[in-house]
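Novice: Quick one: the structure is below, questions incoming.
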Amino acid sequence: MQYRVTLIKGDGIGPEVTGAVCEILRAAGAPIEWEEAPAGGEAMEKYGVPMPEVTLQNIRKNRLGLKGPLMTPKGAGFRSANVALRQELDLFVGLRPVRTLPNVPGAIPGVDIVLFRENTEDLYAGIEHEVTPGTVVSLKTSTTFAGERISRWAFEYMRYRGRRKIHCCHKAGVNPMADGAFLRAFRQVGEEYPFIEQADMGVDSLSLQLPMHPEHFDVLLLQNLYGDILSDLSAGLAGGLGVVPGANIGTHAAVFEAVHGTAPDIAGKGLANPLAVLLSANMLLEYVGEWKAAGRIEKAVWRVLEEQKHLTRDLGGKAGTAEFTQAVIDNLGGVA
Ligand code: NAI
């Protein structure tokens, strides 16, 4: 079986890191055929928007995508490419596994958390208006439908992956309607999964407890804004955005992406670390059930990190993108 996957190379370091990942996947025998599609700066020049319809159609057709980082032009009057992608393809699950990898500077040992962020509602609906001069209203949307579907996705993921405990994090004390609806949806769906331990807590309390006792948490479920903030906080526990993968998943398509940006300061210099995009591509392989190739890559990455000989500068080493990539490829051998 060969999978056709839409490849968005991205801006800045995007082409370097996605190029490295394609090389590693090929060497690992991952049965993937890439189909390139434009987005970001390239698409702006050609189509006048950062996420053109031709690219959305390509992902709709293939149902799978791997995306490099895209620059967000500020104040240009249109949605960011990332927001457009999530909204247009209804990628309602923001999935961010965060765990401590070997020898990552600044990482707290023993972090192993999966964070689910509801991607489509909340303040990100972008419904704002000025009621009178100096008074602005920004609407937080929350539907039972969205709360139930992300909850079900999280519970199903846990069942499949053998995860034990889920915390739904909210601020229902001050937002009893919007956050209360999300919490009720979580509890309602949770009744179908009595074999999974379930709890809820304030998002403020979570922000305190998570850095102090990350080992107490397994799976977190949050609305869009809290999820956005807490997923970056969680990434910080594992050493930062450069080592954390991510995915945005919907009923009809799934797009896997690193969560770091385009790193304009090192773009084109051969210094970028492809690890986060590589781990995102590995999530894609697991998503389609290509466990063998995913396992080979995972083991190779751990060996390279443990050896500490070919680490990129952000990980405290001296290697460039090419050296790190080659080291991963060299470590694929013999682990099949
Ligand atoms: P950034 O993540 O691009 O850079 C922050 C720092 O991390 C820089 O020092 C950079 O060199 C370093 N860094 C990031 N990724 C790295 C990698 N793979 N290897 C080695 N070092 C790495 O964040 P910044 O500077 O805030 O944003 C730059 C641009 O990226 C902006 O246009 C922003 O809108 C966009 N961006 C795009 C995202 C996406 O497409 N998912 C996410 C975040 C930002």
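Residue numbering restarts at 1 in every chain; chains get A, B, ... in the order shown in the structure tokens, and ligands count up from 1 in that same order.
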Could you pull the residues within 12 Å of Arg79 in chain A, counting only C-alpha atoms, minus those fewer than 5 positions along the same chain, as a count of residues only?
Specialist: 17
Novice: With DSSP run on the backbone, what are the helix (DSSP H, G or I) residues within range 100-325 of chain A? I'd like them as number ranges by chain.
Specialist: A: 123-125, 144-161, 178-190, 203-212, 214-216, 224-237, 241-243, 275-287, 291-307, 313-315, 321-325
Novice: With range 216-231 of chain A as the partner and 7 Å as the cut-off, tabulate the residues of range 79-143 of chain A that qualify, each row holding the nearest pair of atoms and their distance in Å to one decimal, using only C-alpha atoms, sorted by chain and rising number, as CSV.
Specialist:
residue,atom,partner,partner_atom,distance
A:Arg96,CA,A:Ser231,CA,6.9
A:Asp112,CA,A:Asp218,CA,6.7
A:Ile113,CA,A:Asp218,CA,4.9
A:Val114,CA,A:Val219,CA,4.8
A:Leu115,CA,A:Leu220,CA,4.7
A:Phe116,CA,A:Leu221,CA,4.8
A:Arg117,CA,A:Gly227,CA,4.7
A:Glu118,CA,A:Asn224,CA,4.9
A:Asn119,CA,A:Asn224,CA,5.4
A:Glu121,CA,A:Asn224,CA,6.4
A:Asp122,CA,A:Asn224,CA,5.8
A:Leu123,CA,A:Leu225,CA,6.9
Novice: Could you pull the residues within 12 Å of Arg26 in chain A, counting only C-alpha atoms, minus those fewer than 5 positions along the same chain, as an NGL selection string?
Specialist: :A and (19-21 or 31-34 or 281 or 293-294 or 296-297 or 325 or 328-329 or 332)
Novice: Would you mind exporting the chosen residues as a short mmCIF file (atom, residue, chain, number, x, y, z; two decimals), in the first residue's frame, restricted to all heavy atoms?
Specialist:
data_model
loop_
_atom_site.label_atom_id
_atom_site.label_comp_id
_atom_site.auth_asym_id
_atom_site.auth_seq_id
_atom_site.Cartn_x
_atom_site.Cartn_y
_atom_site.Cartn_z
N GLY A 19 12.59 18.62 3.71
CA GLY A 19 13.47 17.85 2.81
C GLY A 19 14.19 16.75 3.58
O GLY A 19 14.27 15.60 3.13
N ALA A 20 14.70 17.10 4.77
CA ALA A 20 15.40 16.12 5.59
C ALA A 20 14.45 14.97 5.99
O ALA A 20 14.83 13.79 5.96
CB ALA A 20 15.93 16.80 6.85
N VAL A 21 13.23 15.33 6.32
CA VAL A 21 12.26 14.32 6.76
C VAL A 21 11.90 13.38 5.61
O VAL A 21 11.80 12.16 5.81
CB VAL A 21 11.00 15.03 7.34
CG1 VAL A 21 9.86 14.05 7.54
CG2 VAL A 21 11.36 15.72 8.65
N PRO A 31 6.11 3.83 3.01
CA PRO A 31 5.49 3.78 1.68
C PRO A 31 4.71 5.05 1.36
O PRO A 31 3.48 5.05 1.27
CB PRO A 31 4.57 2.57 1.77
CG PRO A 31 4.20 2.50 3.23
CD PRO A 31 5.33 3.08 4.00
N ILE A 32 5.43 6.14 1.18
CA ILE A 32 4.77 7.44 0.98
C ILE A 32 5.20 8.06 -0.34
O ILE A 32 6.38 8.10 -0.68
CB ILE A 32 5.08 8.38 2.15
CG1 ILE A 32 4.32 7.91 3.38
CG2 ILE A 32 4.69 9.82 1.81
CD1 ILE A 32 4.43 8.80 4.57
N GLU A 33 4.20 8.56 -1.05
CA GLU A 33 4.46 9.31 -2.27
C GLU A 33 4.04 10.75 -1.97
O GLU A 33 2.89 10.98 -1.58
CB GLU A 33 3.56 8.72 -3.36
CG GLU A 33 3.87 9.11 -4.75
CD GLU A 33 2.79 8.50 -5.67
OE1 GLU A 33 2.57 7.27 -5.56
OE2 GLU A 33 2.19 9.25 -6.42
N TRP A 34 4.96 11.67 -2.11
CA TRP A 34 4.66 13.06 -1.74
C TRP A 34 4.07 13.81 -2.93
O TRP A 34 4.52 13.64 -4.06
CB TRP A 34 5.93 13.78 -1.29
CG TRP A 34 6.61 13.13 -0.11
CD1 TRP A 34 7.75 12.37 -0.14
CD2 TRP A 34 6.19 13.16 1.26
NE1 TRP A 34 8.06 11.94 1.13
CE2 TRP A 34 7.12 12.42 2.01
CE3 TRP A 34 5.12 13.76 1.93
CZ2 TRP A 34 7.01 12.24 3.39
CZ3 TRP A 34 5.02 13.59 3.30
CH2 TRP A 34 5.95 12.84 4.02
N ALA A 281 5.89 13.60 11.24
CA ALA A 281 5.74 12.61 10.15
C ALA A 281 5.56 11.22 10.74
O ALA A 281 4.82 10.38 10.20
CB ALA A 281 6.96 12.65 9.23
N ALA A 293 7.68 1.17 10.12
CA ALA A 293 8.54 2.30 9.72
C ALA A 293 8.60 3.33 10.86
O ALA A 293 9.68 3.87 11.16
CB ALA A 293 7.98 2.95 8.45
N ALA A 294 7.48 3.57 11.51
CA ALA A 294 7.46 4.56 12.61
C ALA A 294 8.39 4.10 13.74
O ALA A 294 9.14 4.90 14.31
CB ALA A 294 6.04 4.75 13.12
N ARG A 296 11.00 2.12 13.51
CA ARG A 296 12.40 2.24 13.09
C ARG A 296 12.90 3.65 13.27
O ARG A 296 13.99 3.90 13.78
CB ARG A 296 12.56 1.88 11.60
CG ARG A 296 12.35 0.43 11.28
CD ARG A 296 12.65 0.17 9.83
NE ARG A 296 14.10 0.16 9.59
CZ ARG A 296 14.66 0.07 8.38
NH1 ARG A 296 13.91 0.01 7.31
NH2 ARG A 296 15.96 0.05 8.25
N ILE A 297 12.09 4.60 12.86
CA ILE A 297 12.51 6.00 12.95
C ILE A 297 12.62 6.41 14.41
O ILE A 297 13.58 7.05 14.82
CB ILE A 297 11.51 6.91 12.18
CG1 ILE A 297 11.62 6.62 10.68
CG2 ILE A 297 11.78 8.38 12.47
CD1 ILE A 297 10.53 7.24 9.84
N THR A 325 20.51 14.51 9.93
CA THR A 325 19.67 13.66 9.06
C THR A 325 20.41 12.36 8.73
O THR A 325 19.84 11.27 8.83
CB THR A 325 19.34 14.42 7.75
OG1 THR A 325 18.70 15.64 8.11
CG2 THR A 325 18.43 13.62 6.84
N VAL A 328 20.53 9.97 11.69
CA VAL A 328 19.27 9.22 11.88
C VAL A 328 19.20 8.09 10.86
O VAL A 328 18.90 6.94 11.19
CB VAL A 328 18.03 10.15 11.76
CG1 VAL A 328 16.74 9.33 11.82
CG2 VAL A 328 18.03 11.20 12.86
N ILE A 329 19.54 8.40 9.61
CA ILE A 329 19.50 7.38 8.55
C ILE A 329 20.47 6.23 8.89
O ILE A 329 20.13 5.05 8.78
CB ILE A 329 19.81 8.00 7.17
CG1 ILE A 329 18.64 8.91 6.76
CG2 ILE A 329 20.08 6.93 6.11
CD1 ILE A 329 18.88 9.74 5.51
N LEU A 332 19.06 3.80 11.32
CA LEU A 332 17.88 3.01 10.94
C LEU A 332 18.26 1.56 10.71
O LEU A 332 17.47 0.65 10.91
CB LEU A 332 17.27 3.54 9.63
CG LEU A 332 16.58 4.91 9.68
CD1 LEU A 332 16.29 5.37 8.26
CD2 LEU A 332 15.30 4.84 10.49
#
Novice: Compare A:Asp314, A:Leu70, A:Thr321, A:Arg164 by their minimum atom-to-atom distance to Gly268 in chain A, counting only C-alpha atoms, and give me the closest one.
Specialist: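 Smallest separation from Gly268 in chain A among the options: A:Thr321.
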Novice: Using only C-alpha atoms and all ligand atoms, determine which residues fall within 8 Å of ligand 1, then list them as an mmCIF file with all heavy atoms, in the first residue's frame.
Specialist:
data_model
loop_
_atom_site.group_PDB
_atom_site.id
_atom_site.type_symbol
_atom_site.label_atom_id
_atom_site.label_comp_id
_atom_site.auth_asym_id
_atom_site.auth_seq_id
_atom_site.Cartn_x
_atom_site.Cartn_y
_atom_site.Cartn_z
ATOM 1 N N GLY A 10 6.682 24.741 3.220
ATOM 2 C CA GLY A 10 6.699 25.838 4.186
ATOM 3 C C GLY A 10 7.726 26.908 3.869
ATOM 4 O O GLY A 10 8.474 26.824 2.898
ATOM 5 N N GLY A 12 10.818 29.820 5.242
ATOM 6 C CA GLY A 12 12.002 29.862 6.109
ATOM 7 C C GLY A 12 12.751 28.539 6.095
ATOM 8 O O GLY A 12 13.160 28.045 5.044
ATOM 9 N N ILE A 13 12.883 27.926 7.267
ATOM 10 C CA ILE A 13 13.589 26.638 7.354
ATOM 11 C C ILE A 13 12.722 25.472 6.842
ATOM 12 O O ILE A 13 13.193 24.332 6.795
ATOM 13 C CB ILE A 13 14.021 26.317 8.803
ATOM 14 C CG1 ILE A 13 12.806 26.273 9.750
ATOM 15 C CG2 ILE A 13 15.078 27.281 9.295
ATOM 16 C CD1 ILE A 13 13.114 25.705 11.128
ATOM 17 N N VAL A 17 13.860 21.475 6.564
ATOM 18 C CA VAL A 17 13.452 20.426 7.511
ATOM 19 C C VAL A 17 12.529 19.394 6.863
ATOM 20 O O VAL A 17 12.658 18.199 7.125
ATOM 21 C CB VAL A 17 12.829 21.011 8.816
ATOM 22 C CG1 VAL A 17 13.892 21.668 9.663
ATOM 23 C CG2 VAL A 17 11.684 21.974 8.550
ATOM 24 N N LYS A 67 3.065 19.323 6.901
ATOM 25 C CA LYS A 67 3.232 20.755 6.686
ATOM 26 C C LYS A 67 4.449 21.306 7.411
ATOM 27 O O LYS A 67 4.615 21.071 8.612
ATOM 28 C CB LYS A 67 1.962 21.464 7.183
ATOM 29 C CG LYS A 67 1.929 22.944 6.977
ATOM 30 C CD LYS A 67 0.657 23.527 7.495
ATOM 31 C CE LYS A 67 0.776 24.362 8.717
ATOM 32 N NZ LYS A 67 1.970 24.852 9.257
ATOM 33 N N GLY A 68 5.261 22.027 6.681
ATOM 34 C CA GLY A 68 6.344 22.787 7.308
ATOM 35 C C GLY A 68 5.777 24.090 7.857
ATOM 36 O O GLY A 68 4.622 24.431 7.607
ATOM 37 N N PRO A 69 6.589 24.857 8.601
ATOM 38 C CA PRO A 69 6.086 26.105 9.178
ATOM 39 C C PRO A 69 5.795 27.152 8.101
ATOM 40 O O PRO A 69 6.476 27.198 7.079
ATOM 41 C CB PRO A 69 7.232 26.561 10.078
ATOM 42 C CG PRO A 69 8.451 25.928 9.507
ATOM 43 C CD PRO A 69 8.016 24.623 8.929
ATOM 44 N N LEU A 70 4.798 27.974 8.359
ATOM 45 C CA LEU A 70 4.431 29.035 7.414
ATOM 46 C C LEU A 70 4.503 30.378 8.103
ATOM 47 O O LEU A 70 4.053 30.514 9.240
ATOM 48 C CB LEU A 70 2.998 28.806 6.913
ATOM 49 C CG LEU A 70 2.754 27.492 6.175
ATOM 50 C CD1 LEU A 70 1.264 27.295 5.930
ATOM 51 C CD2 LEU A 70 3.521 27.480 4.859
ATOM 52 N N MET A 71 5.057 31.352 7.416
ATOM 53 C CA MET A 71 5.102 32.686 8.031
ATOM 54 C C MET A 71 3.701 33.280 8.005
ATOM 55 O O MET A 71 2.925 33.042 7.089
ATOM 56 C CB MET A 71 6.078 33.580 7.293
ATOM 57 C CG MET A 71 5.677 33.821 5.877
ATOM 58 S SD MET A 71 6.443 35.274 5.252
ATOM 59 C CE MET A 71 5.629 35.432 3.684
ATOM 60 N N THR A 72 3.398 34.038 9.043
ATOM 61 C CA THR A 72 2.090 34.691 9.104
ATOM 62 C C THR A 72 2.302 36.174 8.876
ATOM 63 O O THR A 72 2.836 36.871 9.745
ATOM 64 C CB THR A 72 1.457 34.470 10.490
ATOM 65 O OG1 THR A 72 1.424 33.070 10.742
ATOM 66 C CG2 THR A 72 0.062 35.031 10.560
ATOM 67 N N PRO A 73 1.915 36.693 7.686
ATOM 68 C CA PRO A 73 2.070 38.138 7.467
ATOM 69 C C PRO A 73 1.148 38.885 8.418
ATOM 70 O O PRO A 73 -0.045 38.579 8.482
ATOM 71 C CB PRO A 73 1.653 38.333 6.009
ATOM 72 C CG PRO A 73 1.308 36.991 5.475
ATOM 73 C CD PRO A 73 1.240 36.020 6.594
ATOM 74 N N LYS A 74 1.693 39.816 9.183
ATOM 75 C CA LYS A 74 0.878 40.483 10.209
ATOM 76 C C LYS A 74 0.061 41.625 9.608
ATOM 77 O O LYS A 74 0.551 42.372 8.775
ATOM 78 C CB LYS A 74 1.782 41.018 11.312
ATOM 79 C CG LYS A 74 2.438 39.871 12.076
ATOM 80 C CD LYS A 74 2.831 40.225 13.479
ATOM 81 C CE LYS A 74 3.177 38.974 14.270
ATOM 82 N NZ LYS A 74 4.211 38.148 13.699
ATOM 83 N N ALA A 81 -2.515 31.188 7.330
ATOM 84 C CA ALA A 81 -2.635 29.929 6.591
ATOM 85 C C ALA A 81 -3.013 28.792 7.531
ATOM 86 O O ALA A 81 -3.807 27.916 7.182
ATOM 87 C CB ALA A 81 -1.311 29.624 5.902
ATOM 88 N N ASN A 82 -2.466 28.828 8.738
ATOM 89 C CA ASN A 82 -2.731 27.738 9.684
ATOM 90 C C ASN A 82 -4.189 27.736 10.129
ATOM 91 O O ASN A 82 -4.827 26.686 10.208
ATOM 92 C CB ASN A 82 -1.807 27.870 10.901
ATOM 93 C CG ASN A 82 -0.348 27.699 10.506
ATOM 94 O OD1 ASN A 82 -0.024 26.835 9.707
ATOM 95 N ND2 ASN A 82 0.513 28.542 11.031
ATOM 96 N N LEU A 241 9.614 24.149 21.650
ATOM 97 C CA LEU A 241 8.835 23.822 20.451
ATOM 98 C C LEU A 241 9.644 23.046 19.413
ATOM 99 O O LEU A 241 9.074 22.355 18.571
ATOM 100 C CB LEU A 241 8.309 25.112 19.814
ATOM 101 C CG LEU A 241 7.322 25.938 20.661
ATOM 102 C CD1 LEU A 241 6.863 27.164 19.883
ATOM 103 C CD2 LEU A 241 6.116 25.107 21.067
ATOM 104 N N GLY A 242 10.972 23.139 19.497
ATOM 105 C CA GLY A 242 11.817 22.495 18.486
ATOM 106 C C GLY A 242 11.827 20.980 18.541
ATOM 107 O O GLY A 242 12.329 20.318 17.639
ATOM 108 N N VAL A 243 11.266 20.403 19.599
ATOM 109 C CA VAL A 243 11.313 18.937 19.719
ATOM 110 C C VAL A 243 9.912 18.328 19.846
ATOM 111 O O VAL A 243 9.775 17.150 20.152
ATOM 112 C CB VAL A 243 12.151 18.507 20.945
ATOM 113 C CG1 VAL A 243 13.603 18.882 20.748
ATOM 114 C CG2 VAL A 243 11.635 19.119 22.241
ATOM 115 N N GLU A 257 2.166 18.454 11.571
ATOM 116 C CA GLU A 257 3.058 19.611 11.452
ATOM 117 C C GLU A 257 3.859 19.821 12.726
ATOM 118 O O GLU A 257 3.393 19.523 13.825
ATOM 119 C CB GLU A 257 2.239 20.881 11.196
ATOM 120 C CG GLU A 257 1.264 21.173 12.303
ATOM 121 C CD GLU A 257 0.607 22.545 12.207
ATOM 122 O OE1 GLU A 257 1.143 23.403 11.493
ATOM 123 O OE2 GLU A 257 -0.422 22.748 12.855
ATOM 124 N N ALA A 258 5.063 20.351 12.551
ATOM 125 C CA ALA A 258 5.818 20.805 13.715
ATOM 126 C C ALA A 258 5.146 22.073 14.215
ATOM 127 O O ALA A 258 4.455 22.749 13.465
ATOM 128 C CB ALA A 258 7.244 21.100 13.307
ATOM 129 N N VAL A 259 5.348 22.383 15.480
ATOM 130 C CA VAL A 259 4.672 23.565 15.995
ATOM 131 C C VAL A 259 5.591 24.779 16.086
ATOM 132 O O VAL A 259 5.144 25.860 16.440
ATOM 133 C CB VAL A 259 4.008 23.268 17.361
ATOM 134 C CG1 VAL A 259 2.792 22.385 17.146
ATOM 135 C CG2 VAL A 259 4.968 22.601 18.325
ATOM 136 N N HIS A 260 6.864 24.587 15.729
ATOM 137 C CA HIS A 260 7.747 25.757 15.718
ATOM 138 C C HIS A 260 7.495 26.577 14.459
ATOM 139 O O HIS A 260 6.791 26.149 13.542
ATOM 140 C CB HIS A 260 9.216 25.334 15.829
ATOM 141 C CG HIS A 260 9.691 24.469 14.701
ATOM 142 N ND1 HIS A 260 9.852 24.921 13.416
ATOM 143 C CD2 HIS A 260 10.025 23.149 14.665
ATOM 144 C CE1 HIS A 260 10.283 23.935 12.647
ATOM 145 N NE2 HIS A 260 10.385 22.840 13.377
ATOM 146 N N GLY A 261 8.097 27.754 14.432
ATOM 147 C CA GLY A 261 7.892 28.647 13.297
ATOM 148 C C GLY A 261 8.939 28.492 12.218
ATOM 149 O O GLY A 261 9.631 27.461 12.148
ATOM 150 N N THR A 262 9.067 29.529 11.388
ATOM 151 C CA THR A 262 9.916 29.446 10.196
ATOM 152 C C THR A 262 11.392 29.763 10.493
ATOM 153 O O THR A 262 12.215 29.697 9.596
ATOM 154 C CB THR A 262 9.414 30.443 9.132
ATOM 155 O OG1 THR A 262 9.452 31.769 9.706
ATOM 156 C CG2 THR A 262 7.984 30.131 8.715
ATOM 157 N N ALA A 263 11.676 30.133 11.741
ATOM 158 C CA ALA A 263 13.053 30.423 12.183
ATOM 159 C C ALA A 263 13.821 31.255 11.159
ATOM 160 O O ALA A 263 14.868 30.821 10.658
ATOM 161 C CB ALA A 263 13.786 29.117 12.503
ATOM 162 N N PRO A 264 13.348 32.470 10.845
ATOM 163 C CA PRO A 264 14.026 33.271 9.799
ATOM 164 C C PRO A 264 15.496 33.549 10.119
ATOM 165 O O PRO A 264 16.308 33.715 9.209
ATOM 166 C CB PRO A 264 13.211 34.577 9.763
ATOM 167 C CG PRO A 264 12.261 34.547 10.905
ATOM 168 C CD PRO A 264 12.155 33.148 11.399
ATOM 169 N N ASP A 265 15.848 33.536 11.408
ATOM 170 C CA ASP A 265 17.244 33.824 11.786
ATOM 171 C C ASP A 265 18.230 32.774 11.300
ATOM 172 O O ASP A 265 19.416 33.058 11.131
ATOM 173 C CB ASP A 265 17.359 34.010 13.323
ATOM 174 C CG ASP A 265 16.720 32.875 14.122
ATOM 175 O OD1 ASP A 265 15.820 32.199 13.590
ATOM 176 O OD2 ASP A 265 17.132 32.667 15.276
ATOM 177 N N ILE A 266 17.777 31.542 11.082
ATOM 178 C CA ILE A 266 18.731 30.508 10.635
ATOM 179 C C ILE A 266 18.335 29.900 9.277
ATOM 180 O O ILE A 266 18.964 28.955 8.811
ATOM 181 C CB ILE A 266 18.868 29.362 11.672
ATOM 182 C CG1 ILE A 266 17.497 28.740 12.006
ATOM 183 C CG2 ILE A 266 19.553 29.864 12.946
ATOM 184 C CD1 ILE A 266 17.611 27.419 12.758
ATOM 185 N N ALA A 267 17.295 30.459 8.659
ATOM 186 C CA ALA A 267 16.803 29.891 7.387
ATOM 187 C C ALA A 267 17.887 29.909 6.310
ATOM 188 O O ALA A 267 18.635 30.884 6.188
ATOM 189 C CB ALA A 267 15.580 30.664 6.917
ATOM 190 N N LEU A 271 21.239 24.859 9.340
ATOM 191 C CA LEU A 271 21.388 24.652 10.788
ATOM 192 C C LEU A 271 20.119 24.126 11.454
ATOM 193 O O LEU A 271 20.143 23.740 12.627
ATOM 194 C CB LEU A 271 21.755 25.988 11.465
ATOM 195 C CG LEU A 271 23.072 26.631 11.037
ATOM 196 C CD1 LEU A 271 23.204 28.018 11.656
ATOM 197 C CD2 LEU A 271 24.245 25.742 11.448
ATOM 198 N N ALA A 272 19.019 24.124 10.733
ATOM 199 C CA ALA A 272 17.725 23.819 11.361
ATOM 200 C C ALA A 272 17.642 22.370 11.820
ATOM 201 O O ALA A 272 18.191 21.461 11.188
ATOM 202 C CB ALA A 272 16.600 24.106 10.369
ATOM 203 N N ASN A 273 16.923 22.191 12.901
ATOM 204 C CA ASN A 273 16.699 20.853 13.444
ATOM 205 C C ASN A 273 15.401 20.273 12.856
ATOM 206 O O ASN A 273 14.327 20.824 13.093
ATOM 207 C CB ASN A 273 16.583 20.966 14.972
ATOM 208 C CG ASN A 273 16.405 19.628 15.637
ATOM 209 O OD1 ASN A 273 16.379 18.597 14.966
ATOM 210 N ND2 ASN A 273 16.268 19.638 16.940
ATOM 211 N N PRO A 274 15.492 19.170 12.125
ATOM 212 C CA PRO A 274 14.279 18.612 11.511
ATOM 213 C C PRO A 274 13.476 17.701 12.448
ATOM 214 O O PRO A 274 12.490 17.095 12.042
ATOM 215 C CB PRO A 274 14.830 17.809 10.327
ATOM 216 C CG PRO A 274 16.196 17.413 10.744
ATOM 217 C CD PRO A 274 16.702 18.434 11.726
ATOM 218 N N LEU A 275 13.917 17.593 13.718
ATOM 219 C CA LEU A 275 13.338 16.600 14.632
ATOM 220 C C LEU A 275 11.827 16.749 14.809
ATOM 221 O O LEU A 275 11.088 15.761 14.771
ATOM 222 C CB LEU A 275 14.044 16.700 15.995
ATOM 223 C CG LEU A 275 13.577 15.711 17.064
ATOM 224 C CD1 LEU A 275 13.736 14.280 16.580
ATOM 225 C CD2 LEU A 275 14.374 15.920 18.355
ATOM 226 N N ALA A 276 11.350 17.984 15.002
ATOM 227 C CA ALA A 276 9.922 18.164 15.275
ATOM 228 C C ALA A 276 9.075 17.755 14.062
ATOM 229 O O ALA A 276 8.028 17.109 14.215
ATOM 230 C CB ALA A 276 9.632 19.607 15.660
ATOM 231 N N VAL A 277 9.544 18.091 12.869
ATOM 232 C CA VAL A 277 8.789 17.680 11.673
ATOM 233 C C VAL A 277 8.893 16.160 11.497
ATOM 234 O O VAL A 277 7.935 15.495 11.102
ATOM 235 C CB VAL A 277 9.285 18.409 10.401
ATOM 236 C CG1 VAL A 277 8.506 17.943 9.176
ATOM 237 C CG2 VAL A 277 9.111 19.912 10.549
ATOM 238 N N THR A 312 21.971 19.030 16.678
ATOM 239 C CA THR A 312 21.980 20.380 16.109
ATOM 240 C C THR A 312 22.199 21.402 17.232
ATOM 241 O O THR A 312 22.103 21.073 18.414
ATOM 242 C CB THR A 312 20.654 20.664 15.374
ATOM 243 O OG1 THR A 312 19.574 20.255 16.212
ATOM 244 C CG2 THR A 312 20.589 19.935 14.046
ATOM 245 N N ARG A 313 22.441 22.642 16.827
ATOM 246 C CA ARG A 313 22.836 23.655 17.811
ATOM 247 C C ARG A 313 21.769 23.944 18.860
ATOM 248 O O ARG A 313 22.070 24.203 20.010
ATOM 249 C CB ARG A 313 23.209 24.948 17.082
ATOM 250 C CG ARG A 313 24.461 24.758 16.229
ATOM 251 C CD ARG A 313 25.148 26.034 15.899
ATOM 252 N NE ARG A 313 24.216 27.071 15.447
ATOM 253 C CZ ARG A 313 24.605 28.244 14.994
ATOM 254 N NH1 ARG A 313 25.877 28.534 14.911
ATOM 255 N NH2 ARG A 313 23.720 29.140 14.608
ATOM 256 N N ASP A 314 20.499 23.899 18.444
ATOM 257 C CA ASP A 314 19.421 24.156 19.414
ATOM 258 C C ASP A 314 19.383 23.068 20.491
ATOM 259 O O ASP A 314 18.818 23.276 21.559
ATOM 260 C CB ASP A 314 18.064 24.242 18.699
ATOM 261 C CG ASP A 314 17.771 22.994 17.895
ATOM 262 O OD1 ASP A 314 18.625 22.588 17.087
ATOM 263 O OD2 ASP A 314 16.695 22.399 18.093
#
Novice: Calculated over only C-alpha atoms, which of the candidates A:Asp90, A:Met1, A:Asn58, A:Val174 has the smallest distance to Gly289 in chain A?
Specialist: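 Between A:Asp90, A:Met1, A:Asn58, A:Val174, the residue approaching Gly289 in chain A most closely is A:Met1.
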Novice: Restricting the calculation to only C-alpha atoms, which member of A:Gly48, A:Gly295, A:Ile108, A:Thr6 is positioned closest to Ala235 in chain A?
Specialist: A:Ile108
Novice: Which distance in Å separates CA of Glu191 in chain A and CA of Ala254 in chain A, to one decimal?
Specialist: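 Computed distance, CA of Glu191 in chain A to CA of Ala254 in chain A, equals 27.2 Å.
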Novice: Just list as an MDAnalysis selection string whatever in range 77-251 of chain A DSSP marks as strand (DSSP E or B).
Specialist: chainID A and resid 93:99 112:118 122 128:132 135:138 141 165:170 197:202 219:222 245:249
Novice: Tell me, as a count of residues only, which residues lie within 12 Å of Leu285 in chain A, counting only C-alpha atoms; anything in the same chain fewer than 2 positions away does not count.
Specialist: 35
Novice: Find the residues around Arg184 in chain A up to 12 Å (only C-alpha atoms counted), leave out those fewer than 3 positions away in its own chain, and share them as a PyMOL selection string.
Specialist: chain A and resi 142-148+151+168-170+172+176-181+187-191+200
Novice: Find the residues around Ala253 in chain A up to 8 Å (only C-alpha atoms counted), leave out those fewer than 5 positions away in its own chain, and share them as a short mmCIF file (atom, residue, chain, number, x, y, z; two decimals) with N, CA, C and O atoms, in the first residue's frame.
Specialist:
data_model
loop_
_atom_site.label_atom_id
_atom_site.label_comp_id
_atom_site.auth_asym_id
_atom_site.auth_seq_id
_atom_site.Cartn_x
_atom_site.Cartn_y
_atom_site.Cartn_z
N ILE A 59 -5.28 18.44 -0.31
CA ILE A 59 -5.35 17.72 0.97
C ILE A 59 -6.68 16.97 1.07
O ILE A 59 -6.73 15.83 1.54
N ARG A 60 -7.77 17.61 0.59
CA ARG A 60 -9.08 16.93 0.62
C ARG A 60 -9.00 15.62 -0.17
O ARG A 60 -9.57 14.60 0.20
N ASN A 62 -6.15 13.80 -0.91
CA ASN A 62 -5.25 12.80 -0.31
C ASN A 62 -5.62 12.44 1.12
O ASN A 62 -5.23 11.40 1.63
N ARG A 63 -6.32 13.36 1.78
CA ARG A 63 -6.75 13.17 3.18
C ARG A 63 -5.60 13.15 4.18
O ARG A 63 -5.81 12.95 5.37
N LEU A 64 -4.39 13.32 3.68
CA LEU A 64 -3.22 13.34 4.56
C LEU A 64 -2.29 14.46 4.11
O LEU A 64 -2.09 14.66 2.90
N GLY A 65 -1.72 15.16 5.08
CA GLY A 65 -0.77 16.22 4.74
C GLY A 65 0.35 16.30 5.75
O GLY A 65 0.18 15.96 6.92
N LEU A 89 -10.81 22.75 6.49
CA LEU A 89 -10.86 21.28 6.47
C LEU A 89 -11.51 20.72 7.74
O LEU A 89 -11.57 19.51 7.92
N LEU A 91 -10.52 20.67 10.82
CA LEU A 91 -9.57 19.81 11.56
C LEU A 91 -9.77 20.10 13.05
O LEU A 91 -9.06 20.89 13.66
#
Novice: What's the 9 Å shell around Phe155 in chain A, counting only C-alpha atoms, without same-chain residues fewer than 5 positions away, as an MDAnalysis selection string?
Specialist: chainID A and resid 150 160 163 166 189:190 193 196
Novice: Considering only C-alpha atoms, state which residue in the set A:Val104, A:His252, A:Asp330, A:Glu45 is at the smallest distance from Gln57 in chain A.
Specialist: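 Using only C-alpha atoms, the shortest distance to Gln57 in chain A belongs to A:His252.
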